[in-house]
$ cat final.cif   # mmCIF, C-alpha atoms
data_structure
loop_
_atom_site.label_atom_id
_atom_site.label_comp_id
_atom_site.auth_asym_id
_atom_site.auth_seq_id
_atom_site.Cartn_x
_atom_site.Cartn_y
_atom_site.Cartn_z
CA MET A 16 5.73 -58.35 124.51
CA ILE A 17 7.26 -61.46 123.06
CA ALA A 18 7.08 -59.86 119.61
CA LEU A 19 9.13 -56.92 120.87
CA LEU A 20 11.72 -59.21 122.43
CA LEU A 21 11.99 -61.28 119.26
CA ARG A 22 12.28 -58.17 117.12
CA ASP A 23 15.08 -56.77 119.27
CA LEU A 24 16.94 -60.07 119.23
CA ARG A 25 16.56 -60.31 115.47
CA LEU A 26 17.76 -56.73 115.03
CA ALA A 27 20.78 -57.45 117.19
CA MET A 28 21.73 -60.48 115.09
CA ARG A 29 21.35 -58.74 111.74
CA ALA A 30 24.13 -56.72 110.17
CA GLY A 31 24.95 -53.60 112.18
CA GLY A 32 23.07 -54.84 115.22
CA GLY A 33 26.15 -54.71 117.41
CA PHE A 34 25.79 -58.22 118.78
CA GLY A 35 29.53 -58.96 118.86
CA LEU A 36 30.59 -55.52 120.08
CA GLY A 37 30.59 -56.24 123.80
CA LEU A 38 32.12 -59.67 123.32
CA ALA A 39 34.95 -58.34 121.17
CA PHE A 40 35.67 -55.60 123.72
CA PHE A 41 35.74 -58.12 126.56
CA LEU A 42 38.07 -60.35 124.57
CA ILE A 43 40.44 -57.46 123.81
CA VAL A 44 40.61 -56.37 127.46
CA THR A 45 41.40 -59.83 128.74
CA VAL A 46 43.97 -60.48 126.01
CA MET A 47 45.71 -57.15 126.59
CA VAL A 48 45.93 -57.24 130.38
CA PRO A 49 48.53 -60.07 130.57
CA PHE A 50 50.68 -58.20 128.02
CA ALA A 51 50.48 -55.03 130.06
CA VAL A 52 51.00 -56.62 133.47
CA GLY A 53 53.84 -58.86 132.38
CA PRO A 54 54.49 -62.58 132.77
CA GLU A 55 53.80 -62.86 136.48
CA THR A 56 51.29 -65.65 136.86
CA GLU A 57 50.84 -65.10 140.58
CA LEU A 58 49.96 -61.43 140.18
CA LEU A 59 47.68 -62.19 137.24
CA SER A 60 45.76 -64.86 139.05
CA ARG A 61 45.30 -62.48 141.99
CA ILE A 62 43.80 -59.69 139.87
CA ALA A 63 41.95 -61.97 137.44
CA PRO A 64 38.46 -61.84 139.07
CA GLY A 65 38.56 -58.05 139.27
CA VAL A 66 39.83 -57.60 135.72
CA LEU A 67 37.17 -59.96 134.34
CA TRP A 68 34.48 -58.07 136.20
CA ILE A 69 35.68 -54.67 134.99
CA GLY A 70 35.94 -56.00 131.43
CA ALA A 71 32.41 -57.38 131.54
CA LEU A 72 31.05 -54.18 133.05
CA LEU A 73 32.69 -51.90 130.48
CA ALA A 74 31.63 -54.21 127.65
CA CYS A 75 28.08 -53.91 128.94
CA LEU A 76 28.38 -50.12 129.17
CA LEU A 77 29.54 -49.93 125.57
CA SER A 78 26.23 -51.06 124.14
CA LEU A 79 23.86 -49.22 126.48
CA ASP A 80 23.21 -46.20 124.28
CA ARG A 81 21.76 -48.47 121.60
CA ILE A 82 19.00 -49.82 123.85
CA LEU A 83 16.58 -46.96 123.25
CA ALA A 84 18.39 -44.43 121.04
CA LEU A 85 17.87 -46.37 117.81
CA ASP A 86 14.13 -46.70 118.41
CA TRP A 87 14.00 -43.01 119.28
CA GLU A 88 15.79 -41.94 116.11
CA ASP A 89 13.59 -43.82 113.66
CA GLY A 90 10.38 -42.92 115.48
CA SER A 91 9.52 -46.45 116.66
CA LEU A 92 9.57 -45.37 120.29
CA ASP A 93 6.73 -42.88 119.75
CA LEU A 94 4.76 -45.53 117.93
CA LEU A 95 5.47 -48.15 120.61
CA ALA A 96 4.35 -45.68 123.28
CA THR A 97 0.96 -45.38 121.56
CA ALA A 98 0.70 -49.17 121.14
CA PRO A 99 -1.29 -51.31 123.61
CA LEU A 100 1.90 -52.30 125.50
CA PRO A 101 2.53 -50.36 128.72
CA LEU A 102 5.86 -48.53 128.72
CA GLU A 103 6.96 -50.56 131.75
CA ALA A 104 6.65 -53.73 129.64
CA ILE A 105 8.50 -52.11 126.76
CA VAL A 106 11.51 -51.13 128.88
CA THR A 107 11.52 -54.53 130.60
CA MET A 108 11.64 -56.29 127.24
CA LYS A 109 14.35 -53.89 126.06
CA SER A 110 16.45 -54.74 129.15
CA LEU A 111 15.86 -58.43 128.65
CA ALA A 112 16.88 -58.23 125.00
CA HIS A 113 20.01 -56.31 126.02
CA TRP A 114 20.86 -58.94 128.61
CA VAL A 115 20.36 -61.83 126.18
CA THR A 116 22.50 -60.18 123.49
CA THR A 117 25.19 -58.67 125.74
CA GLY A 118 25.09 -59.93 129.34
CA LEU A 119 24.53 -63.60 128.69
CA PRO A 120 27.33 -64.00 126.08
CA LEU A 121 29.71 -62.24 128.51
CA VAL A 122 28.74 -64.65 131.28
CA LEU A 123 29.28 -67.64 129.03
CA ILE A 124 32.64 -66.54 127.65
CA ALA A 125 34.11 -65.26 130.94
CA PRO A 126 35.33 -68.69 132.16
CA VAL A 127 37.10 -69.23 128.82
CA LEU A 128 38.83 -65.87 129.07
CA GLY A 129 39.67 -66.64 132.70
CA VAL A 130 42.23 -69.12 131.39
CA MET A 131 44.23 -66.27 129.87
CA LEU A 132 44.35 -64.49 133.21
CA GLN A 133 45.44 -67.57 135.17
CA LEU A 134 42.20 -67.61 137.14
CA PRO A 135 42.61 -70.13 140.00
CA ALA A 136 40.89 -73.45 139.28
CA GLY A 137 38.40 -73.14 142.12
CA ALA A 138 37.19 -69.72 140.97
CA TYR A 139 35.58 -70.56 137.62
CA GLY A 140 32.24 -71.57 139.07
CA TRP A 141 32.07 -68.54 141.38
CA LEU A 142 33.04 -66.13 138.60
CA PHE A 143 30.37 -67.60 136.33
CA LEU A 144 27.76 -67.43 139.08
CA SER A 145 28.66 -63.87 140.13
CA LEU A 146 28.38 -62.63 136.53
CA LEU A 147 25.13 -64.53 136.06
CA LEU A 148 23.69 -62.82 139.13
CA GLY A 149 25.13 -59.39 138.40
CA THR A 150 24.66 -58.82 134.65
CA PRO A 151 20.82 -58.67 134.69
CA GLY A 152 21.15 -55.79 137.15
CA LEU A 153 23.64 -54.09 134.81
CA SER A 154 21.20 -54.33 131.89
CA VAL A 155 18.27 -52.97 133.87
CA ILE A 156 20.27 -50.09 135.38
CA GLY A 157 21.65 -49.38 131.91
CA THR A 158 18.15 -49.21 130.44
CA PHE A 159 17.26 -46.67 133.10
CA GLY A 160 20.28 -44.58 132.06
CA ALA A 161 19.32 -44.97 128.40
CA ALA A 162 15.79 -43.78 129.19
CA LEU A 163 17.17 -40.72 130.99
CA THR A 164 19.30 -39.69 128.02
CA VAL A 165 17.05 -40.84 125.19
CA GLY A 166 16.36 -37.46 123.58
CA LEU A 167 19.95 -36.28 123.59
CA LYS A 168 22.20 -36.34 120.57
CA ARG A 169 25.39 -38.20 121.42
CA GLY A 170 24.00 -38.96 124.85
CA GLY A 171 26.53 -41.75 125.32
CA LEU A 172 28.92 -39.65 127.39
CA LEU A 173 26.25 -38.45 129.78
CA LEU A 174 24.82 -41.95 129.91
CA SER A 175 28.16 -43.44 130.98
CA LEU A 176 28.64 -40.79 133.64
CA LEU A 177 25.14 -41.33 135.00
CA VAL A 178 25.30 -45.10 134.99
CA LEU A 179 28.83 -45.68 136.32
CA PRO A 180 28.09 -44.77 139.96
CA LEU A 181 24.99 -46.98 139.82
CA TYR A 182 27.20 -49.83 138.61
CA VAL A 183 29.65 -49.51 141.50
CA PRO A 184 27.76 -51.63 144.08
CA THR A 185 27.29 -54.44 141.56
CA LEU A 186 30.98 -54.28 140.66
CA ILE A 187 32.11 -54.29 144.31
CA PHE A 188 30.02 -57.25 145.38
CA GLY A 189 30.43 -59.16 142.10
CA ALA A 190 34.21 -58.88 142.10
CA GLU A 191 34.32 -59.56 145.82
CA MET A 192 32.28 -62.72 145.38
CA ALA A 193 34.54 -63.96 142.59
CA ARG A 194 37.67 -63.02 144.58
CA ARG A 195 36.55 -64.77 147.75
CA GLY A 196 35.55 -67.77 145.70
CA ALA A 197 39.01 -67.80 144.12
CA SER A 198 40.73 -67.85 147.50
CA GLY A 199 38.38 -70.43 148.95
CA LEU A 200 36.63 -68.14 151.43
CA SER A 201 32.92 -68.00 152.18
CA VAL A 202 31.05 -66.10 149.42
CA GLU A 203 27.68 -65.94 151.12
CA THR A 204 27.53 -62.24 152.06
CA PRO A 205 28.66 -60.72 148.74
CA MET A 206 26.51 -63.23 146.85
CA LEU A 207 23.38 -62.28 148.76
CA LEU A 208 24.07 -58.57 148.36
CA LEU A 209 24.79 -58.97 144.64
CA ALA A 210 21.61 -60.98 144.11
CA GLY A 211 19.70 -58.43 146.20
CA ILE A 212 20.91 -55.49 144.12
CA SER A 213 19.99 -57.25 140.87
CA ALA A 214 16.59 -58.35 142.17
CA ALA A 215 15.75 -54.87 143.46
CA SER A 216 16.85 -53.28 140.17
CA VAL A 217 14.80 -55.70 138.10
CA ALA A 218 11.76 -55.13 140.32
CA LEU A 219 11.85 -51.36 140.66
CA LEU A 220 13.81 -49.72 137.86
CA PRO A 221 11.42 -50.53 134.97
CA PHE A 222 8.88 -48.23 136.63
CA ALA A 223 11.47 -45.48 136.95
CA SER A 224 12.60 -46.01 133.33
CA ALA A 225 9.02 -45.84 132.07
CA ALA A 226 8.40 -42.65 134.06
CA VAL A 227 11.45 -40.83 132.68
CA LEU A 228 10.68 -42.10 129.18
CA ARG A 229 7.19 -40.60 129.43
CA ILE A 230 8.74 -37.25 130.31
CA ASN A 231 11.38 -37.52 127.58
CA LEU A 232 8.82 -38.34 124.88
CA ARG A 233 6.90 -35.10 125.44
CA MET B 5 -16.46 -44.14 119.35
CA THR B 6 -16.35 -40.37 119.03
CA LEU B 7 -13.08 -38.67 119.75
CA SER B 8 -13.81 -35.37 121.41
CA ILE B 9 -11.44 -32.60 122.19
CA THR B 10 -12.65 -29.89 124.54
CA ASP B 11 -10.95 -26.55 125.12
CA LEU B 12 -7.52 -28.04 124.62
CA THR B 13 -4.35 -26.03 125.16
CA VAL B 14 -1.19 -27.73 123.93
CA ALA B 15 2.36 -26.72 124.75
CA ARG B 16 5.69 -27.20 123.08
CA GLY B 17 8.77 -26.72 125.22
CA GLY B 18 6.63 -25.34 128.04
CA LEU B 19 5.07 -22.56 125.94
CA PRO B 20 1.45 -22.82 124.78
CA VAL B 21 1.21 -22.97 120.98
CA LEU B 22 -2.51 -23.59 120.45
CA GLU B 23 -5.25 -22.81 122.91
CA GLY B 24 -8.97 -23.34 123.20
CA VAL B 25 -9.13 -26.02 120.49
CA SER B 26 -12.39 -27.97 120.49
CA PHE B 27 -13.67 -30.48 117.95
CA ASP B 28 -15.32 -33.87 117.62
CA VAL B 29 -14.38 -36.68 115.30
CA PRO B 30 -17.34 -39.09 115.14
CA PRO B 31 -17.08 -42.48 113.39
CA GLY B 32 -17.09 -42.25 109.61
CA VAL B 33 -15.63 -38.77 109.53
CA ALA B 34 -12.20 -37.51 108.58
CA LEU B 35 -11.12 -34.23 110.07
CA ILE B 36 -8.38 -32.48 108.12
CA LEU B 37 -6.16 -30.11 110.06
CA ARG B 38 -4.64 -27.22 108.19
CA GLY B 39 -2.40 -24.38 109.21
CA PRO B 40 0.98 -22.83 108.45
CA ASN B 41 4.27 -24.51 109.41
CA GLY B 42 5.11 -24.26 113.08
CA ILE B 43 1.57 -23.44 114.20
CA GLY B 44 1.41 -26.58 116.36
CA LYS B 45 -0.35 -29.24 114.29
CA THR B 46 2.14 -31.93 115.26
CA THR B 47 2.00 -30.89 118.92
CA LEU B 48 -1.78 -31.08 118.80
CA LEU B 49 -1.71 -34.54 117.22
CA ARG B 50 0.86 -35.82 119.74
CA THR B 51 -1.30 -34.54 122.58
CA VAL B 52 -4.41 -36.19 121.17
CA ALA B 53 -2.46 -39.43 120.68
CA GLY B 54 -1.48 -39.32 124.35
CA LEU B 55 2.26 -38.81 123.90
CA GLN B 56 2.22 -35.61 125.91
CA PRO B 57 -0.22 -34.27 128.48
CA PRO B 58 -2.39 -31.27 127.57
CA MET B 59 -1.77 -27.99 129.37
CA LYS B 60 -5.51 -27.51 129.73
CA GLY B 61 -8.65 -29.22 128.46
CA HIS B 62 -9.58 -32.82 127.78
CA VAL B 63 -9.26 -35.50 125.16
CA THR B 64 -11.92 -38.17 125.54
CA GLY B 65 -12.86 -41.28 123.62
CA GLY B 66 -9.31 -42.03 122.49
CA GLU B 67 -8.20 -44.63 125.02
CA ASP B 68 -6.88 -47.71 123.22
CA GLN B 69 -8.63 -46.60 120.04
CA ILE B 70 -5.92 -44.56 118.38
CA ALA B 71 -3.30 -45.56 115.86
CA TYR B 72 -0.75 -42.79 115.39
CA ALA B 73 1.48 -42.20 112.37
CA ALA B 74 4.19 -39.63 112.94
CA HIS B 75 6.62 -37.92 110.55
CA ALA B 76 9.05 -40.79 111.13
CA ASP B 77 7.79 -44.17 110.00
CA GLY B 78 9.39 -46.30 112.71
CA ILE B 79 10.81 -48.73 110.17
CA LYS B 80 13.73 -50.99 110.99
CA PRO B 81 16.08 -50.96 107.99
CA THR B 82 17.47 -54.46 108.57
CA LEU B 83 14.06 -56.14 108.78
CA THR B 84 12.16 -56.93 105.61
CA VAL B 85 8.91 -55.21 104.70
CA ALA B 86 6.88 -58.24 105.81
CA GLU B 87 8.82 -58.58 109.09
CA ASN B 88 8.26 -54.92 109.92
CA LEU B 89 4.52 -55.25 109.36
CA ARG B 90 4.27 -58.56 111.18
CA PHE B 91 5.97 -57.02 114.21
CA TRP B 92 3.48 -54.17 114.42
CA ALA B 93 0.57 -56.53 113.82
CA SER B 94 1.58 -58.70 116.76
CA VAL B 95 2.22 -55.68 119.01
CA PHE B 96 -1.36 -54.63 118.35
CA GLY B 97 -2.59 -58.20 118.78
CA GLN B 98 -3.65 -58.60 115.15
CA ASP B 99 -2.69 -61.14 112.56
CA GLY B 100 -2.73 -61.00 108.81
CA ILE B 101 -0.68 -58.41 107.03
CA GLU B 102 -1.92 -59.25 103.54
CA ARG B 103 -4.54 -56.51 103.41
CA ALA B 104 -1.90 -53.92 104.30
CA ILE B 105 0.57 -55.30 101.74
CA ASP B 106 -2.02 -55.35 98.98
CA GLY B 107 -3.46 -51.99 99.97
CA PHE B 108 -0.19 -50.18 99.43
CA ASN B 109 1.20 -52.29 96.54
CA LEU B 110 4.01 -53.71 98.63
CA GLY B 111 3.67 -57.27 97.31
CA ALA B 112 6.75 -57.13 95.13
CA LEU B 113 8.80 -55.61 97.94
CA ARG B 114 7.72 -57.84 100.81
CA ASP B 115 11.02 -59.71 101.22
CA ARG B 116 13.23 -56.71 100.64
CA PRO B 117 15.02 -55.15 103.64
CA ALA B 118 13.25 -51.93 104.48
CA GLY B 119 16.56 -50.08 104.37
CA ALA B 120 16.71 -50.68 100.61
CA LEU B 121 13.39 -48.95 99.92
CA SER B 122 13.02 -45.50 98.42
CA ALA B 123 11.58 -42.65 100.48
CA GLY B 124 8.13 -43.05 98.95
CA GLN B 125 8.17 -46.83 99.40
CA LYS B 126 9.17 -46.39 103.06
CA ARG B 127 6.30 -44.00 103.53
CA ARG B 128 3.92 -46.56 102.01
CA LEU B 129 5.24 -49.15 104.47
CA GLY B 130 4.74 -46.67 107.31
CA LEU B 131 1.15 -46.07 106.21
CA ALA B 132 0.51 -49.78 105.71
CA ARG B 133 1.24 -50.11 109.43
CA MET B 134 -2.04 -48.30 110.12
CA LEU B 135 -3.95 -51.14 108.46
CA VAL B 136 -2.39 -53.80 110.71
CA THR B 137 -3.19 -51.98 113.95
CA GLY B 138 -6.92 -52.71 113.83
CA ARG B 139 -7.56 -49.42 115.63
CA PRO B 140 -10.61 -47.33 114.64
CA ILE B 141 -9.16 -43.82 115.02
CA TRP B 142 -6.26 -42.94 112.75
CA ILE B 143 -4.15 -39.92 113.62
CA MET B 144 -1.76 -39.04 110.83
CA ASP B 145 0.83 -36.31 110.55
CA GLU B 146 1.39 -35.26 106.92
CA PRO B 147 0.91 -38.79 105.59
CA THR B 148 1.41 -37.96 101.92
CA VAL B 149 4.96 -36.59 102.15
CA SER B 150 7.08 -38.21 99.38
CA LEU B 151 4.16 -40.22 97.94
CA ASP B 152 3.61 -40.02 94.17
CA THR B 153 0.25 -38.79 92.87
CA ASP B 154 -1.10 -42.27 92.13
CA HIS B 155 -0.35 -43.43 95.63
CA VAL B 156 -1.82 -40.30 97.16
CA ARG B 157 -5.05 -41.21 95.39
CA GLN B 158 -4.73 -44.81 96.54
CA PHE B 159 -4.06 -43.68 100.09
CA ALA B 160 -7.13 -41.43 100.03
CA GLN B 161 -9.16 -44.42 98.86
CA ILE B 162 -7.87 -46.53 101.75
CA VAL B 163 -8.76 -43.81 104.24
CA GLN B 164 -12.20 -43.58 102.62
CA ASP B 165 -12.68 -47.36 102.99
CA HIS B 166 -11.64 -47.08 106.62
CA LEU B 167 -14.25 -44.34 107.16
CA ASP B 168 -16.91 -46.40 105.41
CA GLN B 169 -16.21 -49.25 107.82
CA GLY B 170 -16.96 -46.97 110.76
CA GLY B 171 -13.46 -45.74 111.45
CA SER B 172 -12.43 -42.13 111.76
CA ALA B 173 -9.32 -40.13 110.99
CA LEU B 174 -7.59 -36.97 112.10
CA ILE B 175 -5.11 -35.91 109.45
CA ALA B 176 -2.74 -32.95 109.30
CA THR B 177 -1.93 -32.25 105.67
CA HIS B 178 -1.25 -29.41 103.27
CA ILE B 179 -2.64 -31.05 100.15
CA ASP B 180 -6.17 -31.83 99.05
CA LEU B 181 -6.76 -35.54 99.56
CA GLY B 182 -10.16 -35.45 97.90
CA LEU B 183 -11.73 -36.92 101.03
CA GLU B 184 -15.18 -35.98 102.11
CA GLY B 185 -14.30 -34.55 105.45
CA LYS B 186 -14.43 -31.49 107.55
CA VAL B 187 -11.52 -29.10 107.40
CA LEU B 188 -10.29 -27.31 110.48
CA ASN B 189 -7.84 -24.48 110.17
CA VAL B 190 -5.93 -24.28 113.43
CA GLY B 191 -4.53 -20.81 112.66
CA PRO B 192 -7.17 -18.91 114.70
CA PHE B 193 -6.35 -20.98 117.80
CA LYS B 194 -2.80 -19.67 117.95
CA ALA B 195 -1.90 -19.03 121.57
CA ALA B 196 -1.19 -15.48 122.66
CA PRO B 197 2.45 -14.95 123.63
CA PRO B 198 2.89 -15.40 127.38
CA PRO B 199 2.74 -12.14 129.33
CA ILE B 200 6.11 -10.78 130.30
CA ASP B 201 6.22 -10.86 134.07
CA ASP B 202 7.36 -7.81 135.96
CA PHE B 203 10.75 -9.07 137.04
CA ASP B 204 11.98 -9.71 133.50
CA GLY B 205 10.04 -6.75 132.17
CA GLY B 206 12.31 -4.30 133.88
CA PHE B 207 15.26 -5.57 131.87
CA LEU B 208 13.61 -5.44 128.46
#
$ encode --input "final.cif" --output "structure tokens"
Amino acid sequence: MIALLLRDLRLAMRAGGGFGLGLAFFLIVTVMVPFAVGPETELLSRIAPGVLWIGALLACLLSLDRILALDWEDGSLDLLATAPLPLEAIVTMKSLAHWVTTGLPLVLIAPVLGVMLQLPAGAYGWLFLSLLLGTPGLSVIGTFGAALTVGLKRGGLLLSLLVLPLYVPTLIFGAEMARRGASGLSVETPMLLLAGISAASVALLPFASAAVLRINLR
Amino acid sequence: MTLSITDLTVARGGLPVLEGVSFDVPPGVALILRGPNGIGKTTLLRTVAGLQPPMKGHVTGGEDQIAYAAHADGIKPTLTVAENLRFWASVFGQDGIERAIDGFNLGALRDRPAGALSAGQKRRLGLARMLVTGRPIWIMDEPTVSLDTDHVRQFAQIVQDHLDQGGSALIATHIDLGLEGKVLNVGPFKAAPPPIDDFDGGFL
């Protein structure tokens, strides 16, 4: 299992691995929004938590089709399926590798990009925490979507359409948590719901992903 | 451990392609599958390897014993030859890739990214993977595609060594590997076309 994780991390870092893709997209979104909205600091700081959350979510979405499609194309997925690892472990490691290469960098850079959107001073910690709680869920849900569309050529479109509604609860509670944190309100309810969604996804979805992968490999 | 296949019917896209296939592959024996293109050799091998469920019949003796080599080699182009092999070795819980590297003359290429290899060299890397799995039953789908004649001979020798050590192999190929093994032509097992049911029949 560790070998698979290390291999995926190494592949992501090598040329063409797409490590910086999500980060660059996130950066572009947050740089462009102030230009588009105009120089109104009050408006910007009001929409900042939501914009950062949407940026992170779309950046995550951008790299989902690579989670399993590359291994499918070069035949590694067939070979991994006949290896001693259970498919549940394989998809879990794939999600984890995706989170480490996409989710975690987004979490770490979000407070920096918050400066550009005039994020209120009190909100940085809450934004960081909400992304930290939410992005593992995004990776696991995304892996499920990738498993559903693995055999399809150019499955990215279908994948996005399938995954977006599943991302909505995470987006609602994540952005709500960051927004309430920014205005100094209690964040307990959205935080618990956000953590609950991520925990349930991490616990249950690998089994669903493995099941659809088994069907898709036939 | 003997791999036995009893009365197996395999399907591709929901339609049976081969039916009533039965054979045994005891240790030390290579069974060569032959048959025209599209007859269902790959489907049969995938079913035996456990990648798809059989429509009917049983595969026994294969649990956690099989190493499968498909048409695609499963090579990551940005990893080096040695990194690719080391990954598969650790997935299968083995260590030591030297035997595989020596066996397929990959020594000079070991630090080269696999993406820079020629088709035949990639195939040798894909076959070298079988040696790092430590599994006794090898299932291979046209393993000699794009190999030169010397390496075909070398590959046959490696399979022979594997058989001598008590392993077994199930190989679909169109060429003569010079192995002492049984040959099974799957042509006679071709499934009959499914009967046209009455509802559709009225329209045809």
$ closest_residue --input "final.cif" --among "A:Leu83, A:Ile187, A:Leu232, A:Val130" --to "chain B" --atoms "all atoms listed in the file"
A:Leu232
$ residues_near_point --input "final.cif" --point "(-11.4, -37.5, 112.0)" --cutoff "6 Å" --atoms "all atoms listed in the file" --output "list of chain:residue names"
B:Val29, B:Val33, B:Ala34, B:Leu35, B:Ser172, B:Ala173, B:Leu174
$ write_last_selection --input "final.cif" --atoms "C-alpha atoms" --output "PDB file, in the frame of the given file"
ATOM      1  CA  VAL B  29     -14.380 -36.680 115.300  1.00  0.00           C
ATOM      2  CA  VAL B  33     -15.630 -38.770 109.530  1.00  0.00           C
ATOM      3  CA  ALA B  34     -12.200 -37.510 108.580  1.00  0.00           C
ATOM      4  CA  LEU B  35     -11.120 -34.230 110.070  1.00  0.00           C
ATOM      5  CA  SER B 172     -12.430 -42.130 111.760  1.00  0.00           C
ATOM      6  CA  ALA B 173      -9.320 -40.130 110.990  1.00  0.00           C
ATOM      7  CA  LEU B 174      -7.590 -36.970 112.100  1.00  0.00           C
TER       8      LEU B 174
END
$ residues_around --input "final.cif" --residues "B:Ile9" --least-positions-apart "2" --cutoff "6 Å" --atoms "only C-alpha atoms" --output "list of chain:residue names"
B:Ser26, B:Phe27, B:His62, B:Val63
$ residues_around --input "final.cif" --residues "A:Thr164" --least-positions-apart "5" --cutoff "10 Å" --atoms "only C-alpha atoms" --output "PyMOL selection string"
chain A and resi 80+83-84+158-159+169-174+177+227-228+231
$ interface_residues --input "final.cif" --of "chain A" --to "chain B" --cutoff "8 Å" --atoms "only C-alpha atoms" --output "ChimeraX atom specification"
/A:16,18-19,22,26,29-30,86,89-94,96-100,229,232-233
$ resolve_selection --input "final.cif" --expression "the PyMOL selection byres ((chain A and resi 105) around 9)" --output "PyMOL selection string"
chain A and resi 16+19-20+95-96+100-104+106-110+221+225
$ residues_near_point --input "final.cif" --point "(-14.4, -39.4, 122.0)" --cutoff "7 Å" --atoms "all atoms listed in the file" --output "ChimeraX atom specification"
/B:5-8,64-66
$ resolve_selection --input "final.cif" --expression "the PyMOL selection byres ((chain B and resi 121) around 12)" --output "list in words"
Ile79, Lys80, Pro81, Thr82, Leu83, Thr84, Val85, Leu110, Ala112, Leu113, Arg114, Asp115, Arg116, Pro117, Ala118, Gly119, Ala120, Ser122, Ala123, Gly124, Gln125, Lys126, Arg127, Arg128, Leu129 and Gly130 of chain B
$ closest_residue --input "final.cif" --among "A:Gly149, A:Pro120, A:Pro49, A:Gly157" --to "A:Ala190" --atoms "only C-alpha atoms"
A:Gly149
$ atom_distance --input "final.cif" --atom1 "atom CA of A:Gly33" --atom2 "atom CA of A:Thr117"
9.3 Å
$ resolve_selection --input "final.cif" --expression "the PyMOL selection byres ((chain B and resi 106) around 12)" --output "number ranges by chain"
B: 86, 100-105, 107-114, 128-129, 132, 135-136, 158-159, 162
$ write_last_selection --input "final.cif" --atoms "C-alpha atoms" --output "PDB file, in the coordinates of the input"
ATOM      1  CA  ALA B  86       6.880 -58.240 105.810  1.00  0.00           C
ATOM      2  CA  GLY B 100      -2.730 -61.000 108.810  1.00  0.00           C
ATOM      3  CA  ILE B 101      -0.680 -58.410 107.030  1.00  0.00           C
ATOM      4  CA  GLU B 102      -1.920 -59.250 103.540  1.00  0.00           C
ATOM      5  CA  ARG B 103      -4.540 -56.510 103.410  1.00  0.00           C
ATOM      6  CA  ALA B 104      -1.900 -53.920 104.300  1.00  0.00           C
ATOM      7  CA  ILE B 105       0.570 -55.300 101.740  1.00  0.00           C
ATOM      8  CA  GLY B 107      -3.460 -51.990  99.970  1.00  0.00           C
ATOM      9  CA  PHE B 108      -0.190 -50.180  99.430  1.00  0.00           C
ATOM     10  CA  ASN B 109       1.200 -52.290  96.540  1.00  0.00           C
ATOM     11  CA  LEU B 110       4.010 -53.710  98.630  1.00  0.00           C
ATOM     12  CA  GLY B 111       3.670 -57.270  97.310  1.00  0.00           C
ATOM     13  CA  ALA B 112       6.750 -57.130  95.130  1.00  0.00           C
ATOM     14  CA  LEU B 113       8.800 -55.610  97.940  1.00  0.00           C
ATOM     15  CA  ARG B 114       7.720 -57.840 100.810  1.00  0.00           C
ATOM     16  CA  ARG B 128       3.920 -46.560 102.010  1.00  0.00           C
ATOM     17  CA  LEU B 129       5.240 -49.150 104.470  1.00  0.00           C
ATOM     18  CA  ALA B 132       0.510 -49.780 105.710  1.00  0.00           C
ATOM     19  CA  LEU B 135      -3.950 -51.140 108.460  1.00  0.00           C
ATOM     20  CA  VAL B 136      -2.390 -53.800 110.710  1.00  0.00           C
ATOM     21  CA  GLN B 158      -4.730 -44.810  96.540  1.00  0.00           C
ATOM     22  CA  PHE B 159      -4.060 -43.680 100.090  1.00  0.00           C
ATOM     23  CA  ILE B 162      -7.870 -46.530 101.750  1.00  0.00           C
TER      24      ILE B 162
END
